[in-house]
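What follows is a short report on a single structure.
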Amino acid sequence: MIIDHPLIQHKISLLRDKRTGQKEFRELVAEIAMLMAYEVTRDLPTKEVEVETPIAVAKTRVISGKKLGLIPVLRAGLGMVDGILRLVPAAYVGHVGLYREPKTLEPVEYYCKLPTDVSERELIVLEPMLATGGSAAAAIGMLKAKGAQHIKLVSLIAAPEGIACVSKTHPDVDIFVAAVDEKLDYNGYIVPGLGDAGDRLYGTK
Ligand code: URA
């Protein structure tokens with residue numbers, strides 16, 4: 001699903017701009033993630049409760065059912081966590097780290113720390129740039145291996161190749177993006193994209 005609300009489109013444009021500095025970049029990633037979370041959580045089940053207002057008893061609704069888990073893929077995924085936690089402060093956060101094996105280019109797990117009850121949670125994997133899709137697909141595979149059953153993937157910008165990879169490997173996982181770009185370059189960067197999200201978030205090179 002492409003979440004193309006005008007506010008999100010505007011902020012994505014600012015994010016892409018190479019003149020946008022680290023502080024603003026970080027703020028924009030958090031804001032876009034928060035705006036996207038509004039749509040990503042649209043299907044959360046609710047139940048009716050009664051609340052006493054100063055005037056009378058109101059029949060009203062609260063979120064019920066599964067609790068949420070946010071799973072940022074290290075390291076750029078971290079930039080999306082705080083924005084979403086502002087909307088769902090009770091969500092647990094697990095972390096997944098992968099690196100690309102230089103010879104095979106296959107993603108290899110180097111870190112995985114998850115809430116103990118992943119099988120009972122609705123998990124939202126955070127991978128800002130869905131490029132080849134290899135890391136996201138591997139991260140989702142790691143979650144499934146630990147018993148996770150309800151997983152969504154949220155990316156800011158995706159390449160068609162990344163969407164195809166994750167959809168093929170994990171057809172049960174809904175993918176939410178703010179923009180789908182043209183292609184990957186020979187280094188695996190999204191074109192036009194926004195460059196290296198991790199470097200722009202953390203001021204590294
Ligand atoms: N990771 C990034 O940070 N940017 C890309 O364009 C692709 C992967």
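Letters A, B, ... go to the chains of the structure tokens in the order shown; residues in each chain start at 1; ligands are counted from 1 in the same order.
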
_Give me, as a list in words, the set of residues whose atoms come within 7 Å of any atom of ligand 1, counting only C-alpha atoms and all ligand atoms._
Met129, Leu130, Ala131, Gly188, Tyr189, Ile190, Val191, Gly193, Leu194, Gly195, Asp196, Ala197 and Gly198 of chain A

*Can you list, as an MDAnalysis selection string, every residue of stretch 2-203 of chain A that DSSP puts in strand (DSSP E or B)?*
chainID A and resid 2 46:52 57:63 67:73 92:93 95:100 107:113 121:126 129:130 150:158 174:180 183:184 190:191

*asked:* Neighbouring residues of A:Ser155 were defined as those with any atom within 7 Å, considering only C-alpha atoms; residues of the same chain fewer than 4 positions away were excluded. Please report them as an MDAnalysis selection string.
replied: chainID A and resid 126:130 176:177

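Distance annotation: of A:Ile3, A:Ile32, A:Asn187, A:Leu15, the residue with the minimal separation from A:Gly83 is A:Ile32; atom set is only C-alpha atoms.
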
*asked:* Quick one: residues within 10 Å of A:Asp82, only C-alpha atoms, excluding same-chain residues fewer than 5 positions away - as an MDAnalysis selection string?
replied: chainID A and resid 27 29:31 33:34 87:89

_Excluding stretch 108-125 of chain A and its own-chain neighbours fewer than 4 positions away, which residues fall within 6 Å of it when counting only C-alpha atoms? Please give them as a PyMOL selection string._
chain A and resi 66-72+94-99+147-153

*When distances are computed from only C-alpha atoms, which of A:Thr60, A:Ser13, A:Thr41, A:Gln22 shows the smallest separation from A:Tyr202?*
A:Gln22

*Those of chain A in DSSP alpha helix (DSSP H), formatted as a VMD selection string*: chain A and resid 6 to 16 22 to 40 81 to 87 134 to 145 160 to 169 197 to 202

_Pick from A:Ala90, A:Val173, A:Ala179, A:Leu201 nearest to A:His5, counting only C-alpha atoms_ =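 Result for the nearest residue to A:His5: A:Ala179.
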
*Which of A:Lys144, A:Arg19, A:Lys103, A:Lys183 sits closest to A:His170 [using only C-alpha atoms]*: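 Looking only at the distances to A:His170, the closest residue turns out to be A:Lys144.
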
*Would you mind telling me which residue in A:Gly133, A:Glu106, A:Tyr186, A:Ala37 lies nearest to A:Arg86 when using only C-alpha atoms?*
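The answer is A:Ala37, which sits nearest to A:Arg86.
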
*With only C-alpha atoms as the atoms that count, which of A:Pro107, A:Gly134, A:Gly65, A:Gly203 lies nearest to A:Gly162?*
A:Gly134

_Selection: 8 Å around A:Ala137, only C-alpha atoms, excl. self and same-chain fewer than 2 positions, as a list in words_ =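 Surrounding residues, per the criterion: Gly133, Gly134, Ser135, Ala139, Ile140, Gly141, Cys165, Val166, Thr169 and His170 of chain A.
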
*Residues at most 9 Å from A:Leu7, counting only C-alpha atoms, excluding those fewer than 3 positions away in the same chain, as a ChimeraX atom specification?*
/A:4,10-12,32,35

Save out the residues we just selected, N, CA, C and O atoms, as a PDB file, in the first residue's frame.
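See result-v3.pdb below for the written result:
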ATOM      1  N   ASP A   4       0.083   7.971   0.418  1.00  0.00           N
ATOM      2  CA  ASP A   4       0.542   9.199  -0.250  1.00  0.00           C
ATOM      3  C   ASP A   4      -0.243  10.429   0.213  1.00  0.00           C
ATOM      4  O   ASP A   4      -0.637  11.268  -0.585  1.00  0.00           O
ATOM      5  N   HIS A  10       4.964  15.739   1.016  1.00  0.00           N
ATOM      6  CA  HIS A  10       5.747  16.963   1.231  1.00  0.00           C
ATOM      7  C   HIS A  10       7.011  16.657   2.042  1.00  0.00           C
ATOM      8  O   HIS A  10       8.115  17.080   1.698  1.00  0.00           O
ATOM      9  N   LYS A  11       6.823  15.891   3.114  1.00  0.00           N
ATOM     10  CA  LYS A  11       7.972  15.598   3.985  1.00  0.00           C
ATOM     11  C   LYS A  11       8.972  14.673   3.278  1.00  0.00           C
ATOM     12  O   LYS A  11      10.187  14.773   3.489  1.00  0.00           O
ATOM     13  N   ILE A  12       8.472  13.754   2.445  1.00  0.00           N
ATOM     14  CA  ILE A  12       9.387  12.886   1.678  1.00  0.00           C
ATOM     15  C   ILE A  12      10.231  13.737   0.722  1.00  0.00           C
ATOM     16  O   ILE A  12      11.425  13.492   0.536  1.00  0.00           O
ATOM     17  N   ILE A  32       7.394  11.314   9.481  1.00  0.00           N
ATOM     18  CA  ILE A  32       6.776  10.499   8.417  1.00  0.00           C
ATOM     19  C   ILE A  32       6.377   9.137   8.981  1.00  0.00           C
ATOM     20  O   ILE A  32       5.291   8.617   8.690  1.00  0.00           O
ATOM     21  N   LEU A  35       3.183   9.556  10.874  1.00  0.00           N
ATOM     22  CA  LEU A  35       2.023   9.722   9.982  1.00  0.00           C
ATOM     23  C   LEU A  35       1.667   8.388   9.314  1.00  0.00           C
ATOM     24  O   LEU A  35       0.487   8.059   9.150  1.00  0.00           O
TER      25      LEU A  35
END

*What does the distance from atom CA of A:Ile84 to atom CA of A:Tyr38 come to in Å, to one decimal?*
8.7 Å
